[in-house]
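Each remark here refers to the structure printed beneath this line.
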Amino acid sequence: MQNFIFISPNFPTNYWQFCRELKNNGLNVLGIGDQPYEELKPELKASLNEYYKVNSLENYDEVYRAVAFFTFKYGRIDWLESNNEYWLERDAALRTDFHITSGFQTCDMPRIKYKSKMKEYYQKAGIATARYHMVDDLAGCKAFVAQVGYPVVVKPDNGVGASDTHRLSTDKELEAFLAYKEKEHPDVAYIMEEFVRAEVNSYDAIIDAHGNPIFEAGNVSPVSIMDIVNNDDNSIYYIIKDLPEDTRAAGRAAVKSFGVKSRFVHFEFFRMTEDQASMGKKGQIVALEVNMRPCGGFTPDMIDFARSTNVYKIWADMIAFGGTDMPVGEHYYCAFAGRRDGKSFVYSHEQLMQRYQDNMRMVDRIPAALSGAMGNQMYVATFSTRDEMEKFYSDVLAVTDATNAKVQSELTKVLALGEPEAV
């Protein structure tokens, strides 16, 4: 029997399904988390063979002792994963220390966690990247701006999601950012990149032990997560009905370049919405960043709805058997809309539920830890056609004043672009 340690199986709240499918496949599933056992969801309790509570997952010594305990009790650990961006480096350190060879080691972290290091591997895969500069002093940053022009985007070189990401449009804003960095984060390395006018397209795939995809999908974010977080906007993105061929090709090339094996991945690309001389033509794919874990939040469930399948099982089958016979059924668009509290919407919750009762797949409040990027109230719905999905977004986001005009304007503009060729 294989021993699988799942770090933080209780968060995100849907990740218990990974544990369920592993246990169903005959693995010994061992959880390590900081939530008291009695507070775990019943479904998660039933999906674990044993659970070890630590006071803090941030405390490496505590987590190390938990892994050591499981090793002493059950023998060699075959797998250790969290499927969570926040814990990727911790996972790698534990694998390295306990000689668990089924996943990334500490020496692999630079190329998959540092945005500046990712660019080399994207370029090896033949994928264009935005020009960049490691933030130093005012003179150095202004010299870079002189090459690429404003706006520029700055963010931690090793960061999670869109946290602490800034768009700078003037020298004054640049000076203010440098003052902020010096005061708040003097030891953090920031990367400055030329601004790419684009929407974000992703390649979401489950990769086997030989580096080959056994399942592929993708999503589109018409409005940037950076803008959603920084402007306190509503959140929208959707699983595309059919994966565009250029996204598939770029994703597969990146998988090979980064040496991905036995993982669920979420690779982000820009699809340019206008020509930019340094990168290419409108519609071209440009690298953004790699994420060596599933797309965040409830996206795995959305992929299930969009493909009439179960990606939790496909992933667990890959772990247990190296492949899967899980079928993929009819394809749909699966739309996520995250409403922000405090905005005045035209249609009430009850009206939306009545109008789209046949399409709704998930309706819930969004956990506080995810609300910055995803809004406060979520609606997830499936549609057979793009026109139906656009009408859904129009209704969900309609407001009685101008509070959300920017998001609606961006949505209308980007959805009007149409879709690239899909297969």
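Lettering and numbering for the structure tokens are positional, with chains as A, B, ... in the shown order, residues counted from 1 in each chain, and ligands counted from 1 in the shown order.
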Considering only C-alpha atoms, tabulate each residue of region 30-140 of chain A that lies at most 12 Å from region 310-322 of chain A along with its nearest interatomic pair and the corresponding distance in Å to one decimal; arrange the rows by chain and ascending residue number and present them as a tab-separated table.
residue	atom	partner	partner_atom	distance
A:Asp78	CA	A:Ile319	CA	10.0
A:Trp79	CA	A:Ile319	CA	8.6
A:Leu80	CA	A:Ile319	CA	11.0
A:Glu81	CA	A:Ile319	CA	11.0
A:Asn83	CA	A:Trp315	CA	10.8
A:Ser102	CA	A:Ile319	CA	9.6
A:Gly103	CA	A:Ile319	CA	11.1
Distance criterion (only C-alpha atoms): nearest to Met362 (chain A) out of A:Tyr132, A:Glu388, A:Thr299, A:Asn201: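 Residue with the minimum atom-to-atom distance to Met362 (chain A): A:Thr299.
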Rank A:Asp137, A:Glu62, A:Glu193, A:Asp34 by their smallest atom-to-atom distance to Lys155 (chain A), using only C-alpha atoms, and report the top residue only.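 Checking each candidate against Lys155 (chain A), we get A:Glu193 as the closest.
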Between CA of Lys45 (chain A) and CA of Tyr15 (chain A), what distance in Å does the model show, to one decimal?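 Rounded to one decimal, the two atoms are 12.2 Å apart.
Neighbouring residues of Arg252 (chain A) at 12 Å or closer, counting only C-alpha atoms and skipping chain neighbours under 5 positions away, are Tyr122, Ala125, Gly126, Ile127, Ser202, Tyr203, Asp204, Ala205, Ile206, Ile207, Gly211, Asn212, Pro213, Ile214, Phe215, Glu216, Ala217, Glu245, Asp246, Thr247, Ser257, Phe258, Gly259, Val260, Lys261, Val265, His266 and Phe267 of chain A.
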Quick one: residues within 9 Å of Asp364 (chain A), only C-alpha atoms, excluding same-chain residues fewer than 3 positions away - as JSON, numbers by chain? {"A": [376, 377, 378, 379]}
For Tyr86 (chain A), work out the shell of residues within 12 Å, counting only C-alpha atoms and skipping chain neighbours fewer than 6 positions away, then give it as a list in words. Ile7, Ser8, Phe11, Pro12, Leu57, Glu58, Ala92, Lys113, Asn158, Gly159, Val160, Gly161, Ser163, Asn291, Met292, Arg293 and Gly296 of chain A
Of the listed residues A:Leu22, A:Gly251, A:Val145, A:Tyr190, that which approaches Leu168 (chain A) most closely, counting only C-alpha atoms: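 Distance minimum relative to Leu168 (chain A) lands on A:Val145.
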9 Å contact set for Phe144 (chain A), only C-alpha atoms, chain neighbours under 3 positions out, as a ChimeraX atom specification: /A:132-133,139-141,147-149,192,194
Mind dumping the selected residues with N, CA and C atoms as an mmCIF file, in the first residue's frame?
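Saved file again.cif follows:
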data_model
loop_
_atom_site.group_PDB
_atom_site.id
_atom_site.type_symbol
_atom_site.label_atom_id
_atom_site.label_comp_id
_atom_site.auth_asym_id
_atom_site.auth_seq_id
_atom_site.Cartn_x
_atom_site.Cartn_y
_atom_site.Cartn_z
ATOM 1 N N TYR A 132 11.903 42.418 -18.706
ATOM 2 C CA TYR A 132 11.838 42.641 -17.259
ATOM 3 C C TYR A 132 13.115 43.266 -16.732
ATOM 4 N N HIS A 133 13.009 43.739 -15.506
ATOM 5 C CA HIS A 133 14.128 44.361 -14.803
ATOM 6 C C HIS A 133 13.945 44.062 -13.326
ATOM 7 N N ALA A 139 17.206 55.203 -10.538
ATOM 8 C CA ALA A 139 17.875 55.374 -11.830
ATOM 9 C C ALA A 139 17.757 54.115 -12.683
ATOM 10 N N GLY A 140 17.973 52.962 -12.070
ATOM 11 C CA GLY A 140 17.883 51.704 -12.807
ATOM 12 C C GLY A 140 16.483 51.442 -13.326
ATOM 13 N N CYS A 141 15.486 51.721 -12.483
ATOM 14 C CA CYS A 141 14.092 51.492 -12.898
ATOM 15 C C CYS A 141 13.684 52.463 -14.005
ATOM 16 N N GLN A 147 13.076 52.209 -21.858
ATOM 17 C CA GLN A 147 13.085 51.212 -22.936
ATOM 18 C C GLN A 147 11.680 50.740 -23.290
ATOM 19 N N VAL A 148 10.855 50.485 -22.261
ATOM 20 C CA VAL A 148 9.565 49.820 -22.500
ATOM 21 C C VAL A 148 8.383 50.765 -22.412
ATOM 22 N N GLY A 149 8.544 51.911 -21.748
ATOM 23 C CA GLY A 149 7.434 52.848 -21.568
ATOM 24 C C GLY A 149 6.529 52.459 -20.420
ATOM 25 N N MET A 192 10.162 43.939 -12.212
ATOM 26 C CA MET A 192 9.411 44.942 -12.968
ATOM 27 C C MET A 192 9.307 44.464 -14.415
ATOM 28 N N GLU A 194 7.382 44.939 -18.443
ATOM 29 C CA GLU A 194 6.590 45.771 -19.337
ATOM 30 C C GLU A 194 5.139 45.305 -19.293
#
Enumerate the residues of region 22-233 of chain A with a DSSP assignment of strand (DSSP E), computed from the backbone, and present them as an MDAnalysis selection string. chainID A and resid 28:33 50:53 79:81 132:134 152:156 166:168 190:194 198:207 213:217 219:221
Residue nearest Phe6 (chain A) - candidates A:Asp91, A:Asn24, A:Glu85, A:Phe98, atoms counted: only C-alpha atoms: A:Asp91
Per DSSP on the backbone, filter region 27-137 of chain A down to the residues in helix (DSSP H, G or I) and report them as a PyMOL selection string. chain A and resi 37-39+42-47+60-74+85-98+106-113+115-124
If we count only C-alpha atoms, what is near Asn3 (chain A) at a cut-off of 12 Å, once residues fewer than 2 positions away on the same chain are taken out, given as a PyMOL selection string? chain A and resi 1+5-6+19+22-23+25-31+48-50+67+70-81+100+102+319-320
Write out the residues from the selection above, keeping N, CA and C atoms, as a JSON list (two decimals), in the first residue's frame.
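Okay, out14.json is ready:
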[["chain", "number", "residue", "atom", "x", "y", "z"],
["A", 1, "MET", "N", 0.85, -1.20, 0.00],
["A", 1, "MET", "CA", 0.00, 0.00, 0.00],
["A", 1, "MET", "C", 0.88, 1.25, 0.00],
["A", 5, "ILE", "N", 1.01, 11.51, 2.08],
["A", 5, "ILE", "CA", 0.77, 12.59, 3.04],
["A", 5, "ILE", "C", 0.20, 13.79, 2.30],
["A", 6, "PHE", "N", -0.97, 14.25, 2.73],
["A", 6, "PHE", "CA", -1.60, 15.43, 2.14],
["A", 6, "PHE", "C", -1.51, 16.56, 3.16],
["A", 19, "CYS", "N", -8.39, 13.72, -1.46],
["A", 19, "CYS", "CA", -8.15, 12.67, -0.47],
["A", 19, "CYS", "C", -9.12, 11.51, -0.66],
["A", 22, "LEU", "N", -8.01, 9.38, -3.58],
["A", 22, "LEU", "CA", -6.82, 8.61, -3.25],
["A", 22, "LEU", "C", -7.18, 7.40, -2.39],
["A", 23, "LYS", "N", -8.01, 7.62, -1.39],
["A", 23, "LYS", "CA", -8.40, 6.51, -0.52],
["A", 23, "LYS", "C", -9.20, 5.46, -1.27],
["A", 25, "ASN", "N", -8.76, 4.67, -4.18],
["A", 25, "ASN", "CA", -7.80, 3.93, -5.01],
["A", 25, "ASN", "C", -6.86, 3.05, -4.19],
["A", 26, "GLY", "N", -7.12, 2.97, -2.88],
["A", 26, "GLY", "CA", -6.37, 2.05, -2.04],
["A", 26, "GLY", "C", -5.13, 2.61, -1.39],
["A", 27, "LEU", "N", -4.91, 3.93, -1.46],
["A", 27, "LEU", "CA", -3.76, 4.52, -0.81],
["A", 27, "LEU", "C", -4.04, 4.77, 0.66],
["A", 28, "ASN", "N", -2.99, 4.80, 1.44],
["A", 28, "ASN", "CA", -3.06, 5.16, 2.85],
["A", 28, "ASN", "C", -2.91, 6.67, 2.93],
["A", 29, "VAL", "N", -4.00, 7.39, 3.20],
["A", 29, "VAL", "CA", -4.02, 8.85, 3.09],
["A", 29, "VAL", "C", -3.86, 9.45, 4.48],
["A", 30, "LEU", "N", -2.79, 10.21, 4.67],
["A", 30, "LEU", "CA", -2.40, 10.76, 5.96],
["A", 30, "LEU", "C", -2.41, 12.28, 5.87],
["A", 31, "GLY", "N", -3.23, 12.93, 6.68],
["A", 31, "GLY", "CA", -3.35, 14.37, 6.61],
["A", 31, "GLY", "C", -2.57, 15.08, 7.70],
["A", 48, "LEU", "N", -9.59, 10.26, 5.19],
["A", 48, "LEU", "CA", -8.25, 10.15, 5.75],
["A", 48, "LEU", "C", -8.12, 8.88, 6.58],
["A", 49, "ASN", "N", -6.97, 8.24, 6.48],
["A", 49, "ASN", "CA", -6.69, 7.12, 7.37],
["A", 49, "ASN", "C", -6.23, 7.61, 8.74],
["A", 50, "GLU", "N", -5.53, 8.75, 8.75],
["A", 50, "GLU", "CA", -5.11, 9.34, 10.03],
["A", 50, "GLU", "C", -4.84, 10.82, 9.78],
["A", 67, "VAL", "N", 5.63, 14.46, 9.84],
["A", 67, "VAL", "CA", 6.05, 13.53, 8.77],
["A", 67, "VAL", "C", 6.88, 12.40, 9.36],
["A", 70, "PHE", "N", 4.58, 9.83, 10.97],
["A", 70, "PHE", "CA", 3.92, 8.97, 9.98],
["A", 70, "PHE", "C", 4.92, 7.99, 9.37],
["A", 71, "THR", "N", 6.15, 8.43, 9.16],
["A", 71, "THR", "CA", 7.18, 7.53, 8.60],
["A", 71, "THR", "C", 7.47, 6.40, 9.58],
["A", 72, "PHE", "N", 7.59, 6.74, 10.85],
["A", 72, "PHE", "CA", 7.85, 5.71, 11.87],
["A", 72, "PHE", "C", 6.69, 4.71, 11.95],
["A", 73, "LYS", "N", 5.45, 5.23, 11.86],
["A", 73, "LYS", "CA", 4.28, 4.37, 12.06],
["A", 73, "LYS", "C", 3.93, 3.55, 10.82],
["A", 74, "TYR", "N", 4.08, 4.16, 9.62],
["A", 74, "TYR", "CA", 3.59, 3.49, 8.41],
["A", 74, "TYR", "C", 4.69, 3.08, 7.44],
["A", 75, "GLY", "N", 5.91, 3.49, 7.71],
["A", 75, "GLY", "CA", 6.99, 3.14, 6.80],
["A", 75, "GLY", "C", 7.23, 4.25, 5.77],
["A", 76, "ARG", "N", 7.96, 3.91, 4.74],
["A", 76, "ARG", "CA", 8.37, 4.88, 3.74],
["A", 76, "ARG", "C", 7.17, 5.65, 3.18],
["A", 77, "ILE", "N", 7.34, 6.98, 3.05],
["A", 77, "ILE", "CA", 6.30, 7.82, 2.46],
["A", 77, "ILE", "C", 6.55, 7.90, 0.96],
["A", 78, "ASP", "N", 5.53, 7.55, 0.18],
["A", 78, "ASP", "CA", 5.68, 7.52, -1.28],
["A", 78, "ASP", "C", 5.38, 8.86, -1.92],
["A", 79, "TRP", "N", 4.43, 9.59, -1.34],
["A", 79, "TRP", "CA", 4.01, 10.86, -1.91],
["A", 79, "TRP", "C", 3.78, 11.88, -0.80],
["A", 80, "LEU", "N", 4.08, 13.15, -1.10],
["A", 80, "LEU", "CA", 3.74, 14.23, -0.19],
["A", 80, "LEU", "C", 3.35, 15.44, -1.04],
["A", 81, "GLU", "N", 2.11, 15.92, -0.87],
["A", 81, "GLU", "CA", 1.61, 17.03, -1.68],
["A", 81, "GLU", "C", 0.64, 17.87, -0.86],
["A", 100, "ILE", "N", 11.74, 11.70, -0.39],
["A", 100, "ILE", "CA", 10.52, 11.35, -1.15],
["A", 100, "ILE", "C", 10.75, 11.86, -2.57],
["A", 102, "SER", "N", 9.08, 11.46, -5.45],
["A", 102, "SER", "CA", 7.97, 11.51, -6.40],
["A", 102, "SER", "C", 7.53, 12.92, -6.77],
["A", 319, "ILE", "N", -1.81, 9.21, -9.73],
["A", 319, "ILE", "CA", -0.96, 8.91, -8.59],
["A", 319, "ILE", "C", -0.89, 7.40, -8.34],
["A", 320, "ALA", "N", -2.04, 6.76, -8.34],
["A", 320, "ALA", "CA", -2.11, 5.34, -7.95],
["A", 320, "ALA", "C", -1.71, 4.39, -9.06]]
Could you check how far CA of Lys282 (chain A) sits from CA of Pro156 (chain A), in Å to one decimal?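 It comes out at 27.6 Å.
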Tell me which of A:Lys256, A:Lys115, A:Arg339, A:Lys124 sits closest to Glu268 (chain A), counting only C-alpha atoms.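 Counting only C-alpha atoms, the residue closest to Glu268 (chain A) is A:Lys115.
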